[in-house]
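Trainee: For reference, the file work-v5.cif (mmCIF, C-alpha atoms) is included below:
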data_run
loop_
_atom_site.group_PDB
_atom_site.id
_atom_site.type_symbol
_atom_site.label_atom_id
_atom_site.label_comp_id
_atom_site.auth_asym_id
_atom_site.auth_seq_id
_atom_site.Cartn_x
_atom_site.Cartn_y
_atom_site.Cartn_z
ATOM 1 C CA MET A 1 106.107 41.140 107.590
ATOM 2 C CA THR A 2 104.472 42.714 104.537
ATOM 3 C CA GLU A 3 105.016 40.987 101.226
ATOM 4 C CA ILE A 4 106.106 43.253 98.363
ATOM 5 C CA GLN A 5 103.484 43.149 95.632
ATOM 6 C CA GLY A 6 105.479 44.645 92.742
ATOM 7 C CA PHE A 7 104.203 46.952 90.054
ATOM 8 C CA LYS A 8 101.559 45.847 87.579
ATOM 9 C CA ARG A 9 101.511 47.771 84.318
ATOM 10 C CA ILE A 10 98.950 47.632 81.572
ATOM 11 C CA ASN A 11 99.658 45.328 78.624
ATOM 12 C CA PHE A 12 97.942 46.358 75.393
ATOM 13 C CA PHE A 13 97.222 43.769 72.719
ATOM 14 C CA LYS A 14 95.189 43.563 69.511
ATOM 15 C CA GLY A 15 91.503 43.534 70.402
ATOM 16 C CA PHE A 16 92.042 44.783 73.956
ATOM 17 C CA LEU A 17 89.061 46.887 75.056
ATOM 18 C CA THR A 18 90.063 49.490 77.614
ATOM 19 C CA THR A 19 87.878 50.764 80.395
ATOM 20 C CA GLU A 20 88.225 53.758 82.685
ATOM 21 C CA LYS A 21 89.752 51.382 85.269
ATOM 22 C CA ASP A 22 92.452 50.343 82.773
ATOM 23 C CA TRP A 23 93.390 53.961 82.058
ATOM 24 C CA ASN A 24 93.385 54.885 85.753
ATOM 25 C CA ASP A 25 95.520 51.835 86.557
ATOM 26 C CA ALA A 26 97.991 52.852 83.839
ATOM 27 C CA GLU A 27 98.239 56.360 85.289
ATOM 28 C CA ARG A 28 98.567 55.009 88.852
ATOM 29 C CA TYR A 29 101.473 52.799 87.723
ATOM 30 C CA HIS A 30 103.466 55.787 86.439
ATOM 31 C CA ILE A 31 102.584 57.999 89.421
ATOM 32 C CA ASP A 32 103.605 55.300 91.922
ATOM 33 C CA LYS A 33 106.896 54.658 90.088
ATOM 34 C CA ARG A 34 107.751 58.383 90.004
ATOM 35 C CA ARG A 35 106.981 58.762 93.709
ATOM 36 C CA LEU A 36 109.086 55.718 94.557
ATOM 37 C CA HIS A 37 111.970 57.147 92.533
ATOM 38 C CA ASN A 38 111.655 60.510 94.305
ATOM 39 C CA LYS A 39 111.565 58.866 97.753
ATOM 40 C CA MET A 40 114.462 56.504 97.162
ATOM 41 C CA MET A 41 116.796 58.612 95.025
ATOM 42 C CA HIS A 42 116.206 62.115 96.386
ATOM 43 C CA SER A 43 115.738 63.305 99.928
ATOM 44 C CA ALA A 44 112.598 65.139 100.931
ATOM 45 C CA GLY A 45 112.956 68.904 101.010
ATOM 46 C CA ILE A 46 113.746 71.856 98.791
ATOM 47 C CA VAL A 47 115.556 71.158 95.526
ATOM 48 C CA TYR A 48 118.100 73.952 95.299
ATOM 49 C CA GLY A 49 119.002 75.440 91.939
ATOM 50 C CA PHE A 50 115.469 75.485 90.552
ATOM 51 C CA SER A 51 114.028 78.976 90.106
ATOM 52 C CA SER A 52 114.287 80.999 93.348
ATOM 53 C CA ASP A 53 114.646 78.048 95.758
ATOM 54 C CA LEU A 54 111.348 78.708 97.605
ATOM 55 C CA ARG A 55 112.981 81.527 99.601
ATOM 56 C CA VAL A 56 110.758 82.983 102.315
ATOM 57 C CA SER A 57 111.049 86.667 103.147
ATOM 58 C CA ALA A 58 109.237 89.243 105.212
ATOM 59 C CA ARG A 59 107.456 91.622 102.878
ATOM 60 C CA ALA A 60 108.863 95.141 102.747
ATOM 61 C CA ARG A 61 105.479 96.524 103.787
ATOM 62 C CA GLY A 62 106.291 96.287 107.495
ATOM 63 C CA ASP A 63 103.330 94.039 108.209
ATOM 64 C CA LEU A 64 102.777 90.412 109.193
ATOM 65 C CA SER A 65 103.035 88.832 105.759
ATOM 66 C CA VAL A 66 105.589 86.628 104.054
ATOM 67 C CA GLU A 67 106.432 86.111 100.417
ATOM 68 C CA VAL A 68 107.527 82.713 99.128
ATOM 69 C CA GLN A 69 109.507 82.773 95.896
ATOM 70 C CA PRO A 70 109.003 80.140 93.159
ATOM 71 C CA GLY A 71 110.790 76.819 93.433
ATOM 72 C CA TYR A 72 110.605 73.057 93.624
ATOM 73 C CA ALA A 73 110.574 70.532 96.471
ATOM 74 C CA ILE A 74 109.796 66.876 97.122
ATOM 75 C CA ASP A 75 107.787 65.748 100.133
ATOM 76 C CA GLY A 76 108.346 62.563 102.098
ATOM 77 C CA ALA A 77 105.748 60.688 100.039
ATOM 78 C CA GLY A 78 107.671 61.467 96.844
ATOM 79 C CA ASN A 79 105.240 64.101 95.568
ATOM 80 C CA ASP A 80 106.584 66.891 93.359
ATOM 81 C CA LEU A 81 105.852 70.314 94.882
ATOM 82 C CA MET A 82 106.359 73.264 92.563
ATOM 83 C CA ILE A 83 105.183 76.855 92.644
ATOM 84 C CA GLY A 84 105.763 79.032 89.606
ATOM 85 C CA ASP A 85 104.844 82.448 90.991
ATOM 86 C CA ALA A 86 105.635 84.279 94.202
ATOM 87 C CA THR A 87 103.019 83.523 96.846
ATOM 88 C CA ILE A 88 102.034 85.835 99.700
ATOM 89 C CA ARG A 89 100.602 84.628 103.016
ATOM 90 C CA ASN A 90 99.261 87.007 105.651
ATOM 91 C CA ILE A 91 99.551 86.031 109.292
ATOM 92 C CA ASN A 92 96.541 86.682 111.483
ATOM 93 C CA LEU A 93 97.632 86.938 115.131
ATOM 94 C CA GLU A 94 94.140 86.018 116.340
ATOM 95 C CA GLU A 95 94.681 82.463 115.053
ATOM 96 C CA PHE A 96 97.640 81.839 117.369
ATOM 97 C CA ARG A 97 98.370 81.714 121.066
ATOM 98 C CA LEU A 98 101.372 84.001 121.511
ATOM 99 C CA PRO A 99 104.279 83.765 121.919
ATOM 100 C CA GLN A 100 104.525 80.876 119.474
ATOM 101 C CA THR A 101 106.649 79.522 116.646
ATOM 102 C CA ILE A 102 104.684 79.076 113.436
ATOM 103 C CA TYR A 103 105.790 77.315 110.272
ATOM 104 C CA VAL A 104 105.519 78.197 106.600
ATOM 105 C CA VAL A 105 105.033 74.899 104.776
ATOM 106 C CA LEU A 106 104.415 73.599 101.288
ATOM 107 C CA ARG A 107 101.777 70.862 101.069
ATOM 108 C CA TYR A 108 100.761 68.649 98.108
ATOM 109 C CA TYR A 109 97.157 68.425 96.980
ATOM 110 C CA GLU A 110 95.135 67.156 94.055
ATOM 111 C CA GLU A 111 92.040 68.758 92.568
ATOM 112 C CA LEU A 112 89.625 67.330 90.015
ATOM 113 C CA THR A 113 89.195 69.745 87.092
ATOM 114 C CA ASP A 114 87.655 70.009 83.628
ATOM 115 C CA PHE A 115 84.228 68.579 84.437
ATOM 116 C CA ILE A 116 82.226 67.473 81.437
ATOM 117 C CA ALA A 117 78.707 66.097 81.038
ATOM 118 C CA TYR A 118 77.547 64.892 77.648
ATOM 119 C CA LYS A 119 74.143 66.301 76.727
ATOM 120 C CA GLU A 120 73.338 63.272 74.584
ATOM 121 C CA ASN A 121 73.725 60.901 77.539
ATOM 122 C CA LEU A 122 74.015 62.381 81.041
ATOM 123 C CA GLU A 123 75.202 59.015 82.347
ATOM 124 C CA TYR A 124 78.604 59.902 80.852
ATOM 125 C CA LYS A 125 80.072 62.655 82.970
ATOM 126 C CA GLY A 126 83.086 63.319 85.104
ATOM 127 C CA HIS A 127 86.273 65.291 85.586
ATOM 128 C CA ARG A 128 88.710 64.872 82.700
ATOM 129 C CA ARG A 129 91.831 65.964 84.592
ATOM 130 C CA VAL A 130 93.471 65.868 88.031
ATOM 131 C CA LEU A 131 95.524 68.942 88.865
ATOM 132 C CA GLU A 132 98.577 68.031 90.944
ATOM 133 C CA SER A 133 99.594 71.127 92.842
ATOM 134 C CA CYS A 134 100.707 72.417 96.204
ATOM 135 C CA LYS A 135 99.748 75.143 98.630
ATOM 136 C CA VAL A 136 101.794 77.432 100.816
ATOM 137 C CA GLU A 137 100.271 77.299 104.293
ATOM 138 C CA VAL A 138 100.989 78.790 107.696
ATOM 139 C CA SER A 139 100.778 76.150 110.430
ATOM 140 C CA GLN A 140 101.173 76.140 114.186
ATOM 141 C CA THR A 141 102.133 72.472 114.313
ATOM 142 C CA GLU A 142 105.634 71.251 113.566
ATOM 143 C CA PRO A 143 105.758 69.992 109.964
ATOM 144 C CA ASP A 144 105.382 66.298 109.195
ATOM 145 C CA ILE A 145 108.042 65.618 106.535
ATOM 146 C CA ARG A 146 105.884 62.817 105.086
ATOM 147 C CA GLN A 147 103.205 65.315 104.072
ATOM 148 C CA GLU A 148 104.787 68.751 103.857
ATOM 149 C CA VAL A 149 108.051 70.602 103.392
ATOM 150 C CA GLU A 150 109.080 73.283 105.870
ATOM 151 C CA LEU A 151 110.021 76.535 104.137
ATOM 152 C CA GLY A 152 110.505 78.734 107.196
ATOM 153 C CA ARG A 153 109.809 79.361 110.888
ATOM 154 C CA ILE A 154 108.470 82.504 112.465
ATOM 155 C CA LEU A 155 108.714 83.281 116.168
ATOM 156 C CA LEU A 156 105.641 85.400 116.908
ATOM 157 C CA GLU A 157 105.717 87.478 120.072
ATOM 158 C CA LYS A 158 102.779 89.170 121.770
ATOM 159 C CA ASN A 159 101.672 92.418 120.108
ATOM 160 C CA ALA A 160 103.703 91.668 116.965
ATOM 161 C CA THR A 161 103.146 94.232 114.215
ATOM 162 C CA ARG A 162 105.817 93.340 111.653
ATOM 163 C CA LEU A 163 108.219 90.594 110.649
ATOM 164 C CA ARG A 164 111.970 90.933 110.594
ATOM 165 C CA GLY A 165 115.029 88.731 110.541
ATOM 166 C CA ASP A 166 117.497 86.915 108.347
ATOM 167 C CA CYS A 167 115.610 84.859 105.791
ATOM 168 C CA SER A 168 118.689 83.016 104.540
ATOM 169 C CA ASN A 169 118.409 80.590 107.458
ATOM 170 C CA ARG A 170 114.603 80.473 107.029
ATOM 171 C CA ASN A 171 113.881 82.040 110.431
ATOM 172 C CA LEU A 172 111.871 85.219 110.917
ATOM 173 C CA GLU A 173 110.615 87.026 113.989
ATOM 174 C CA GLY A 174 107.338 88.808 114.559
ATOM 175 C CA ARG A 175 107.875 91.742 116.891
ATOM 176 C CA GLY A 176 106.086 94.832 118.107
ATOM 177 C CA ALA A 177 106.743 98.207 116.491
ATOM 178 C CA GLY A 178 108.892 99.520 119.358
ATOM 179 C CA GLU A 179 111.297 96.552 119.438
#
Is it possible to give me this structure as structure tokens?

Mentor:
Amino acid sequence: MTEIQGFKRINFFKGFLTTEKDWNDAERYHIDKRRLHNKMMHSAGIVYGFSSDLRVSARARGDLSVEVQPGYAIDGAGNDLMIGDATIRNINLEEFRLPQTIYVVLRYYEELTDFIAYKENLEYKGHRRVLESCKVEVSQTEPDIRQEVELGRILLEKNATRLRGDCSNRNLEGRGAGE
């Protein structure tokens, strides 16, 4: 049985000299607490009522692309997943073995940004920020709720040329032009 370690937060005092480890530990404390709160107090999935609820729709162009509207979700690890602008994903039939169900998912990722190197001393360099974000992806494997949130399913048939279907239940179909 695993022993619960607890949360260790930074304790500032007069004369305390901070290091990069201290600052990173302080940030990790708050991130871990927020994720624990999200996991324990909210269920993983789409948070309805925020923006456009991450609605997925076939684009009106009559092609094999979907548009995901802005919204907010929480994955099974407690990560906040938010997109602020509509996102378009094109589906390339050559990537799939048809017929097949594919999934539109939202996945958390982090990216180091704002790199700086000090000219006076090149020993001091690094990324000043971590961008917490998410990506809309098209996947052929069933979503793992611990790592991603399912936004929709698409049943792709052979020779599909366009998407159609009722997006309110998050299911779309990819069919040929004559069907």

Trainee: Could you tell me, as a PyMOL selection string, exactly which residues end up selected when the PyMOL selection byres ((chain A and resi 145) around 10) is applied to this structure?

Mentor: chain A and resi 44-45+74-77+105+107+142-144+146-150

Trainee: Which residues match the PyMOL selection byres ((chain A and resi 24-32) around 12) in the file above, as a ChimeraX atom specification?

Mentor: /A:6-12,18-23,33-39,77-80,128-130,132

Trainee: Just the selected residues (C-alpha atoms), exported as a compact mmCIF listing (two decimals), in the coordinates of the input, please.

Mentor:
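result.txt, written as the output of this step:
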# COMPACT_ATOMS: atom_id res chain seq x y z
CA GLY A 6 105.48 44.64 92.74
CA PHE A 7 104.20 46.95 90.05
CA LYS A 8 101.56 45.85 87.58
CA ARG A 9 101.51 47.77 84.32
CA ILE A 10 98.95 47.63 81.57
CA ASN A 11 99.66 45.33 78.62
CA PHE A 12 97.94 46.36 75.39
CA THR A 18 90.06 49.49 77.61
CA THR A 19 87.88 50.76 80.40
CA GLU A 20 88.22 53.76 82.68
CA LYS A 21 89.75 51.38 85.27
CA ASP A 22 92.45 50.34 82.77
CA TRP A 23 93.39 53.96 82.06
CA LYS A 33 106.90 54.66 90.09
CA ARG A 34 107.75 58.38 90.00
CA ARG A 35 106.98 58.76 93.71
CA LEU A 36 109.09 55.72 94.56
CA HIS A 37 111.97 57.15 92.53
CA ASN A 38 111.66 60.51 94.30
CA LYS A 39 111.56 58.87 97.75
CA ALA A 77 105.75 60.69 100.04
CA GLY A 78 107.67 61.47 96.84
CA ASN A 79 105.24 64.10 95.57
CA ASP A 80 106.58 66.89 93.36
CA ARG A 128 88.71 64.87 82.70
CA ARG A 129 91.83 65.96 84.59
CA VAL A 130 93.47 65.87 88.03
CA GLU A 132 98.58 68.03 90.94

Trainee: Given all atoms listed in the file, how would the per-residue table for segment 38-140 of chain A near segment 152-161 of chain A read, listing every residue at most 10 Å away with its closest atom pair and distance in Å to one decimal, sorted by chain and number, as CSV?

Mentor:
residue,atom,partner,partner_atom,distance
A:Leu54,CA,A:Gly152,CA,9.6
A:Arg55,CA,A:Gly152,CA,8.5
A:Val56,CA,A:Gly152,CA,6.5
A:Ser57,CA,A:Gly152,CA,8.9
A:Ala58,CA,A:Ile154,CA,9.9
A:Gly62,CA,A:Thr161,CA,7.7
A:Asp63,CA,A:Thr161,CA,6.0
A:Leu64,CA,A:Thr161,CA,6.3
A:Val66,CA,A:Ile154,CA,9.8
A:Val68,CA,A:Gly152,CA,9.5
A:Ile91,CA,A:Leu156,CA,9.8
A:Leu93,CA,A:Ala160,CA,7.9
A:Phe96,CA,A:Leu156,CA,8.8
A:Arg97,CA,A:Lys158,CA,8.7
A:Leu98,CA,A:Lys158,CA,5.4
A:Pro99,CA,A:Glu157,CA,4.4
A:Gln100,CA,A:Leu156,CA,5.3
A:Thr101,CA,A:Leu155,CA,4.3
A:Ile102,CA,A:Ile154,CA,5.2
A:Tyr103,CA,A:Arg153,CA,4.6
A:Val104,CA,A:Gly152,CA,5.1
A:Val105,CA,A:Gly152,CA,7.1
A:Leu106,CA,A:Gly152,CA,9.9
A:Val138,CA,A:Arg153,CA,9.4
A:Ser139,CA,A:Arg153,CA,9.6
A:Gln140,CA,A:Arg153,CA,9.8

Trainee: If you measure from atom CA of Lys125 of chain A to atom CA of Phe16 of chain A, what distance in Å do you get, rounded to one decimal?

Mentor: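 Between these atoms lies a distance of 23.3 Å.
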
Trainee: On this file, the PyMOL selection byres ((chain A and resi 127) around 7) gives some set of residues; write that set as a list in words.

Mentor: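 Evaluating the PyMOL selection byres ((chain A and resi 127) around 7) on these coordinates yields Leu112, Thr113, Asp114, Phe115, Ile116, Gly126, Arg128 and Arg129 of chain A.
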